Structure formats: structure tokens, C-alpha cells
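**Q** Below is a structure I'd like to ask you about.
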Amino acid sequence: MKNFSYLYPDRILLYAVFFLAASPSVLAGSEVLTLINMLHENGMVNKQQYARLMDEIRTGKAQREDQKQALQKQLDDATAVNVSVNKGGLQVKSKDGAFSAKIGGRLQADGAWHHEDVSALGDGSKIRRARLYLKGTLFHDWFYKFEYDFAGSGGTNKGITDIWLGYSGFDHLSIKFGHFRDPFMLQDQVSDNNTQFTERALPDAFTAGRHIGIMASSNHKHWTAAAGFFGDKASVAGGSDDEGWGTGGRLTWMPFNEKRHLLHLGLAANYRQPEGQSVRFKQQAETHISGVNFVDTGAINNVENYLALGAEFAAQYQSVYAQAEYIHTYVHRQHDSDLMFDGWYVQTGWFITGESRPYTHKGAKFKAVKPDNIVGQGGWGAWELGFRYSTINLNDHAINGGELDNITFGLNWFPAPGLRMSANYVRVLASTGGSRADDEPGIVQFRGQWAF
Amino acid sequence: MKNFSYLYPDRILLYAVFFLAASPSVLAGSEVLTLINMLHENGMVNKQQYARLMDEIRTGKAQREDQKQALQKQLDDATAVNVSVNKGGLQVKSKDGAFSAKIGGRLQADGAWHHEDVSALGDGSKIRRARLYLKGTLFHDWFYKFEYDFAGSGGTNKGITDIWLGYSGFDHLSIKFGHFRDPFMLQDQVSDNNTQFTERALPDAFTAGRHIGIMASSNHKHWTAAAGFFGDKASVAGGSDDEGWGTGGRLTWMPFNEKRHLLHLGLAANYRQPEGQSVRFKQQAETHISGVNFVDTGAINNVENYLALGAEFAAQYQSVYAQAEYIHTYVHRQHDSDLMFDGWYVQTGWFITGESRPYTHKGAKFKAVKPDNIVGQGGWGAWELGFRYSTINLNDHAINGGELDNITFGLNWFPAPGLRMSANYVRVLASTGGSRADDEPGIVQFRGQWAF
Amino acid sequence: MKNFSYLYPDRILLYAVFFLAASPSVLAGSEVLTLINMLHENGMVNKQQYARLMDEIRTGKAQREDQKQALQKQLDDATAVNVSVNKGGLQVKSKDGAFSAKIGGRLQADGAWHHEDVSALGDGSKIRRARLYLKGTLFHDWFYKFEYDFAGSGGTNKGITDIWLGYSGFDHLSIKFGHFRDPFMLQDQVSDNNTQFTERALPDAFTAGRHIGIMASSNHKHWTAAAGFFGDKASVAGGSDDEGWGTGGRLTWMPFNEKRHLLHLGLAANYRQPEGQSVRFKQQAETHISGVNFVDTGAINNVENYLALGAEFAAQYQSVYAQAEYIHTYVHRQHDSDLMFDGWYVQTGWFITGESRPYTHKGAKFKAVKPDNIVGQGGWGAWELGFRYSTINLNDHAINGGELDNITFGLNWFPAPGLRMSANYVRVLASTGGSRADDEPGIVQFRGQWAF
């Protein structure tokens, strides 16, 4: 019983009326009344008797009015809020939809083994993410989310992910402020619960990430637009330097947007003035166990600002899916030559079991896969095969951050909604320049995930 | 639908009885029974027929007894607990009130800009507070709160705010133990959700703060008393030194305590023997973005103990409100002269939209402002103007902590219960002595807050 | 009203049918119909009249079918989930038991005083544990727990305790993966909420603790078996070294396992290859306030692996209880002699008020004590006296970790389910070798605990 349908007050009233219409006064009454009248006509009951019978019927009616009130009240109270527990966590909704609250979270437990690693990469295990959130609705138009990641370094505000308050009282426009992701890069907009592989592709080195800011967005079936102004990360403490700030926007166009039939095209730009005029781009080899960066520019100084541009593509037909992105970043330096870095990836997937990767125009992104048949209920869950090629180049002028080409083979198993087991094999094809030149290991990574 | 009224068992029973009284046996029964009797008298149905009819009525009654049980049980189960979601978060109460649990929290997102700052104050943004709590009732007499602040430095137990268990089984007396605020200073007793300005006034340098301890309190409409014995902060780890300990009490008198008509007078004392015989008083300029202390005694050593005394005043008439406090601190040092520091503030507010600042004798403090009209439901929310003057003096003998005078202009907007947007302009009038002498900047600070 | 009984769909249906069977068509109907037929036979109503009466009865029936649907739907929705709040926290269960979620937690606030401590032990207070958890069931067969400890050092993942997902779809076998305790040592399997003394006995120096891993277990009334493969702790970050890994199992036999009548025997083994070939065994003197280790091997290097073996005993008769364990640890070193350390303890308890210490074969461990009578409801709660002797020896070959013998007297008061106040007096009888030789203090420790 995953979902409990929803009663509206008027319907309850309707029921109650129906129900009480069914109370003896009417039902029995109707036939009994008729009978009594007949018998009276036929002279089988006399005037006094008739009067007395009518009297009893009348008094009965009065009582039943009170009962009507009482019963109706109970039915209302009993269904005043709708409580549900699906996929774990719990959810409460007020009858009129004005208020709601949901408690949810995620667990991602990883293990990885490396081979042919020149530089030592430590095999091991890790709680990749352990998040809980509370989200809901206030007074119809306000919505909020409060999420914290209990995994990872306990540094100042490191664990704060999405903490924001939004207002959707305008037509086709919603505004939110707090701490959340800049509108940049499709693979960043998709929750890590729902990415096709355990780690995002190499160009994630250019992620805008989350900042304290304010954003306006407008979502439609065939296009979306979002733009915001942002301060710095929640984890950046104050001091004598001004914090960094930035601004960015994202546009998407979905000429086809039907279930199992999608074409998604997007453009995004993200501009930032970093704190202390310093920026650094780095990335691990699509694994997070050993924590070793394969490409790394180190701190680039005298940076006035930098601008990242992204182009997005995604398509889906039945149970086959493809996604690709290209990111180009310009770094403008004071009295020093500008720098250009870039990267791209293309990934494809196929659901052996016939499912597809759900997509929503709310944020123009992919959602969680739902298996058609559930393990433990006679099914085998959903099985997906995936392949990805990704590359990034952090070499320019004096900056020798390295260039990396990876391929990844992936297998995802979704035994039930909210549950996911993944096995990835990442192979570094080429590592040129940078501190890890010619280090081209293979990485086997497993993930057990539960999200709700 | 913010609140869902509450069914008591007896009333349910009453309904059920009413309701079942309405079951055909009685209703239809009464008139039908009468009719049958009449017809029998009138000789229209014979002995056998009459017997058979009576029989059917009897058997009917029996069945209906069972149904009575079944229905009643359902109605009870359906209303066994009362669940509500108002202002976000969620709340559950058992029917008899013996048990309850509420999940709530707060978000405070700040941004600040500085001008005329001699010493560089970094502009920036900050998640000032991000708290979640679980609180409730156990077995009627026990109550608990568990709150954690996810914002701020992740140091040992830094995030622990209120974590305590209480017992209120005695008349007019409640006891609690755990980690909570000493009973000292009105502006500290008022939750930071409900303070008039984004930051507390300068004398907050003398805050007693929270400690692990045990406290008894007695709250009445016209007076309150609280006293406790306290160990050290949860964030203080053990070691070879004994931890600090202290004791303190607070008395308040409210000759007038009506809605929109209040006079509050209070006295409090707080004594402490600090760990390692060392204490430090410091305060930022009523902003927390840059994190720069404007007054700071640095570590004062050889401190045997110190005693803080406070006098409280608060008054309210209709939508106008005023609050003032004076704090005097004596520091007793081993073979060295004693020290005296002090500070005071006065703040006033006026609700343009006519609301008032709710006050509760439970803890003798101000509560959250509730707007008369809500944004998104044809209203503009509540708007409040505020002004504050505050001063602190940390110069005495060899200690040159500095003296600071501030004024603050504030504007608060409460679009809906639980939501608050604040704009403050703080101006440092005079900074004499201390490391920041003659540094007299202006600070513009914004806060978006959501608390439930 | 601690518990709200549970409606099964079929029973609801049953009720509804019953209830609707009781609707006038049948009830009144039966007798009325009979009456009408009689009157018709007796020739008191004519053909036309009879036809009309029959007609009215028929139409009535139709309406009542609709009402039947509506009412049934309401009753189902009203009881779709079962919500309860007992001992604080809150719990939601779907009607069919396929889904559930519970929010709970614990608070442990300690204070300690030391005397005759040669090496200074700082008196003080501490939030020993402050945990919240979310646990529940998914799709009948999957179960999960997500727990975090907000007390203690905020280091990387330090606060992660139990975070795991399990599957129990097989007969007599359940599997779980994530972060949880190795199956080793009875006093470790028993939650710290339910241990007899505030701190575990000295051999806890050999605890296997929690790791990221996968475990299979089978629980029966008279025996249990568990075995798992484990990586490293969640708090161990990756790097160039491979992380540690281990494997272990536990067998228990309960020839007697009745309420208040138990005999428990157990054997366990735990093997581990530590990261960086280094291991350290240390333990405080059964107190955690001052944080001083009384026995400590320091880092032992060149360790290829180590193996810990444990033997468990527990017995209960009426309100008397006893528990004992012996742990032996072999440390295998590269080109260096092997090491052997060991320790054991025996503890006994007696409930003055006649309760017993509940035991469950699920995990073969003791559960929370439930007082027969509750404070605030005319009772005094449960009172328990306890005594423990424990010893550990960390001296072998060149390793001079010290040997320690302790006795502990304990008093536990359980005023109500979930609440516990403890007073312990620990006396160090002998401290030989190690850095704290001949330091034999007494420690008075208090704990206030609330767990749900």
C-alpha cells in the first residue's frame, strides 16, 4: 500500500450527506411511511394511531440531526491530515494541501579496488553520502528544504547541502533563497542518487556547486529558464577579505518531452569573482575512495574572475538513453595571460528490463528510476547497462594541470524503488601532463544506495 | 487549515453511542414496532405472524451489538493520535495528551556590506543558524528537547544547543537537566528567532550561555523564579584540569501582563569559576559576517571567579514596545586587582501594521510575532520598525578591551507565521581604547529567516 | 495510551460489511418486508399498493450500494496508516505492514568526581551521547537504520554509528550492508542504553567496533549465528595506503530462554589486517569524563594481522542477573615476536523492585529495562543494584601497556520506560606497569539518560 488517495472536504461532506440520507428516517422511513399512509387510507389504523406514528417519525428526525453533526466531525478529524510512509521516511499533508512535511534521506556505501596504479591508490570502503532532509510546504505558496550530509569532513558547514526557502505564489515563476546549486551543468542538476554512474564525469571539475544566494526559475513542459545571484559557499567563513560572488543562468529546450521519448538541449553560463583572487580546478579519476586528484591546476592566483559556459544534450527513446555535455572555462587574470580549460563527456544507457530514465521539466533533469517489478514480489527489479567516455584538459600556458581520458562501463540494479546497487569499471585511457602523467590505472567500484 | 481540533475519548464514545442509538433497531424499530403492535391490537396480524415479526426484530438487535463494537473500535483507532503540520515541521499528540512529539527547526541566511571600515571587514554571506529539533512529552509529566545547530564550526559538540529532559510532575515547579541556557539576561532568554534585531546587543559579551546542568523554575502570570547549578559547556572536553562550574538565578515581576499591555522587571545573577582560571570577554559590532571582534579583553588569567549582575526592563502598549538591560560584571583575580566591566542597551519597536510582540510568562520572555494578515492570502504580513542604542566598556586597570557605542535601525517583515525578513543598519558611534580604537564603520545586514 | 492496536484490511472489510449489512435495507427491511408480505397475504394492502412498496424498497437498495462504497473508502483512508508516539519519538506503520518509519534517539548526560588520583583527573560534566535515528521497513522485506551521534569530536564521519540497509526476504536469514558493529563481544552487542553500568568493562579495549561491511545472521530462540566481511571504519579516509579489512563471526546458544529465566553461552572470533600495519589498544578506567587512558600499548607497528577470541556467559533467574566475558587477542608481527593480551570481567545485578533484564534472541543480547510501576503514576520506577569486577593486561614482551584491576558498584533507577538515572562508584584496585603504575583513584560518576 504505497500511496493513500486523498479526501477533499467537499467529498467528505458529500459522503456524509449520502450516508445520512441512508439513515432510517429516509430509507426505512420511505417505505414505512408509505405503508402507514396506505394502512390509514385503507382504514386499518385509526386517526389517533396515525397521529402517534407520525409523531414518532418526526422526533426520530430531530435526534438524527445531532448525530449528523457528530459523525461528520469525526470523519473530518480522522482524515484531517494524510500520513504516508513510502520508500521509508514519512510524509504528512494537510487536507487542503496548504501544509506538508516530508522526512527523507540517502545512504551511499562504496567500495573500490585499483589495479595498474603507478601512484599508489589505496583500496578501501567509504560512506560516500549519508543525508537526511526535511522538506515541505507552508501556507500553499511557500516551500522549503533542509538537508544535511553527515558523511565527509566535519569542517565548518561542510555538511550543509540544500537549505532554502522558496515562494511560488506568482504564475510560472518561483523564487528561492538560501544555500543551493547554481543553475549549471545537467549532470550537476541531476541528483547523485540518479546519476547513471557512481561518480559524475570528469568535467565536474568545472562544477559551480552550491552557494548562498537567490534564484528565480520558470519551468514549462518544453522549456525552462533559471537565473540567480550568489554569494559564497556556506563553508566559507568571513574575515578581512570580501567573500566571492557570482551570477549564472541556464536555458533548456525540450522539443520532445513525453514519457520514454525525450530530446533535451541546454545552454548555461556561470560567472564568478573568487575570494582572494584565487581559484583551483581539480578532479579525481571518477572514483572517490582513494581521494587522489588525477588532474589539478593547483591554486591559480591574481584571478579577477572566471566564466564557465556549458552546452547540454540528452535524448531518450524507449529504454535507450544518451547524455552529453561540453564545458569551456575562461579564467581572466590580472597582468597575466588569460587561461582556457575545457572538458566533455558522452554517456549512454540501456535498460535490459525495459524501464526508462524518468525526466522532469521541473529543473529540466532526470529523476529516480522505478523498476517495473520488485524483488521480493516475484520480480527481478530493473537492470541497466551503461557506457561513458569523458575527457578534461587542464593544461594551458604555464598551468600544467594535466589532461585525462576515461572510459567507464556501468551496471545498475534497482531491486525496488529507492534502492540501487551499482558496479562500475573505470579505465584511464590517457593521462598526459600534470603530476600523474602516464598513470593509467583501472578502478572497480561498487555502491549500495538507498534513497527516499 | 493550520490546526486540527482534538477529540477526547469520552466525546468519541458519546458520538458512537448517539450514532448507534440511531441504528435501525431504535429508529425504524420504534415506529415499526408501534405499527406492528397496533396492527396486532387491531387484529390485522395474527398471533403467529406477530411472534415471527417480534423474533426478527430481536435477532436484528443481537447482530447490531457486534457492529456497535466494531464501529466504535474503528472510530477510536482512526482518531487515536492527532497529527498536524503547521508552519512546516510536524507534530503528533496522543489522544490523552500523555505523549507528544514535534519536529521543527530554523534557517537564518545572512548577507552584510560594510563601509568606512578602517580595519578591513569582509563583505559576505553566511548561514547564521541551521537547526533542527525534536521535542515532546512523555508519560504526561516528562518533557524533552533535542536540538542541534548544523551551521557554524564543526568542532567538538559545538553544534549542541538545547538537549535536555525535564519533569513537571510537581505543582508550580519544573526541573530539567541536560544542556541549556543559564537563567540570565532577557535578550538571551528570547530565542534568536524572536529578537528584534538580527544580532543581540553589545552586552551579550557577558552572556552566561549554555552549560550542562540542572535547573528548577517556577512560572506564574505575574512572577517567575529560576535557579540552577551548572558544569561547563558541552563543547568543553575533559582533561587534567577540573572543568569550570557555576550557579545562577533569575527573578522577574510582571505587574501588568495582558495581551498588548505588559510591564516586565527582572533581576539576575550568575557566578562562575572558569576552567584554568582564565576568562575572556569579546564582542563583534552586532554583526557576524566578518567575524571581527571590536571589543576584546583577551584571556584574563588568575581568575578565581566572576560574578555578573543584570537588571531587565521591558514594556509594551498596543503595538509599541521597549526593552532595556544593564549588566555589570566583577572579575576576582588571585593576587591581582579585581576588574569591573559593564554594558547596557535600550531598544524600541513599533508595528506599522498594528501587531504586538507576544510575551509568555513561561520563562518570562518574548515569543514569535504572528502577522494579522498573510502574504498570498490578500495580506501584507506584519511590518516593524526598530531602533537600538547599546554600549559596552571592557577597559579596566591594565585590561584594555575597548569601549564601543552603537546605534541600530531595523526593519522586520513577517510575511507569514514562521517567516521573517530583516534589514538592519548598524553604525558604530564611538570606539575608544582597544585594538580597534577610532574604527567606526557602518554595516548593512540582511537576514532571511524561516523557523517552525 | 502508549500503544494503538492495529487494523488489518480484511477486518476493516469485515466491519464495513457487518456495518452495512446493518443498513436499513436489511434490518428494518427484513421485518418491514415480512410485515408487508403478511399484510398483502391478509389482503390488507392491494396489488397496486404492494407493487409500489416493493418498488420503493428496490430503489432504496440501489442508493445504499453507492453509500457502501463511499463509507468503506473513508474508513480505509482514516486507518490507512497507524501513527504512534510512545516514549517520545514517533512511529508510522502502513496498514499492511509493508512500510514503517520510526524516529528515535538518546541523550546521556554525565558528571564525574575523582579522588586519590595521583595523575590529575579533571572533574567535570559531559554530553556522553546525543543520538537521533530514523529506522524502518520498506516493501516488507527491506529494513534500514540511519543513526548519527551529535556528541563527541566532530571529525570526519566520527558521528556515524549505525547506517545500514538490510534484506530479510529469505527464511531464517537476514543480510545487511552499511556501517555497523562486527558480531563480537556481548557487552558490545548490548546497546550502551542498556548496559548495566555507565561504561563498559575494561576488556572493551579489544572491541571490534563498527566498520563498513556486509553481514549475514540467523536468529533462533535457542541459538544464533552471525558472520561478516568488513572494510574499515567510516571515519577512516582513503589515501595511498589500502584501508584495513577484517572478518568475524559469533555463535550463541541459549539452552534456557524464557522471560526471567535465561542461560546464554557464546563464542566469537574477529580477525583484522589493520591499515598501515599499525594497531593500538587502550582503555580509560571505566569513566569517560577526564579522557585519560589508564592502559595504553601505544602504536604497535609491523602488525600483519591480529585475532581476538571471546567467550560469553550470561544468566538470569527472576530479578537476579549475571554476565561474564573473557577476551584473548593475538597480534602477529612481521619479523618480530607475536604478542598476547587479554582481559575479563564478571558483573551481577539485582532488581530490588522485582523487574528483570529483558533479553532478545534477535542479536542474542539484553534490551531496555521496563519498570513495573511508573513515577508520576503512583509508582517508584525500577531500582537495580550492581557489582562488577574487571581486569585487563596489556603487558607483553617489550610492550608495557599496563595491567588494571577495577571494581564497580552501581545503582540504576528507571523512573519510566526510556528514562534512566545511574550512579557508579569505580575503584581502581591495582594498576601495574604502564605509564600510570600505582595510580589507583576512586571515581564517582552520575548519568542521566533518556532513550526512545
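Letters A, B, ... mark the chains of the C-alpha cells in the order given; residue numbers begin at 1 per chain; ligand numbers begin at 1, in order shown.
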For a quick check: superposing chain A on chain B using all C-alpha atoms in order, what RMSD comes out?

**A**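 The C-alpha RMSD comes out at 0.5 Å.
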
**Q** What residues in chain B have any atom no more than 7 Å from chain C when counting only C-alpha atoms, and can you write them as number ranges by chain?

**A** B: 24, 28-29, 53, 56-57, 60, 64, 67, 70-71, 77-78, 80-81, 92, 94, 96, 99-101, 136-138, 141, 154-157, 169, 178, 212, 231-232, 234, 238-243

**Q** Please return as a ChimeraX atom specification: the residues of range 100-243 of chain B that backbone DSSP assigns to alpha helix (DSSP H).

**A** /B:186-189

**Q** Can you pull out the residues contacting Gly354 in chain B? Cut-off 10 Å, using only C-alpha atoms, and skip same-chain residues under 2 positions away; I want them as a list in words.

**A**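 Final neighbour list, sorted by chain and number: Gln318, Ser319, Val320, Trp350, Phe351, Ile352, Ser356, Pro371, Asp372, Ala382, Trp383 and Glu384 of chain B.
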
**Q** Write out as a list in words each polymer residue whose atoms come within 6 Å of Ala311 in chain C, counting only C-alpha atoms; drop sequence neighbours fewer than 3 positions from it.

**A**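 Counting only the stated atoms, we get Gly266, Leu267, Glu325 and Tyr326 of chain C.
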
**Q** What's around range 186-192 of chain C at 7 Å? Count only C-alpha atoms, leave out sequence neighbours fewer than 4 positions away in its own chain, and write the answer as a count of residues only.

**A** 4

**Q** Would you list the contacts of Thr432 in chain A as a count of residues only, taking every protein, DNA or RNA residue within 8 Å and counting only C-alpha atoms, but skipping same-chain residues closer than 6 positions in sequence?

**A** 4

**Q** Would you list the contacts of Pro358 in chain B as a PyMOL selection string, taking every protein, DNA or RNA residue within 9 Å and counting only C-alpha atoms, but skipping same-chain residues closer than 6 positions in sequence?

**A** chain B and resi 259-260+365-370
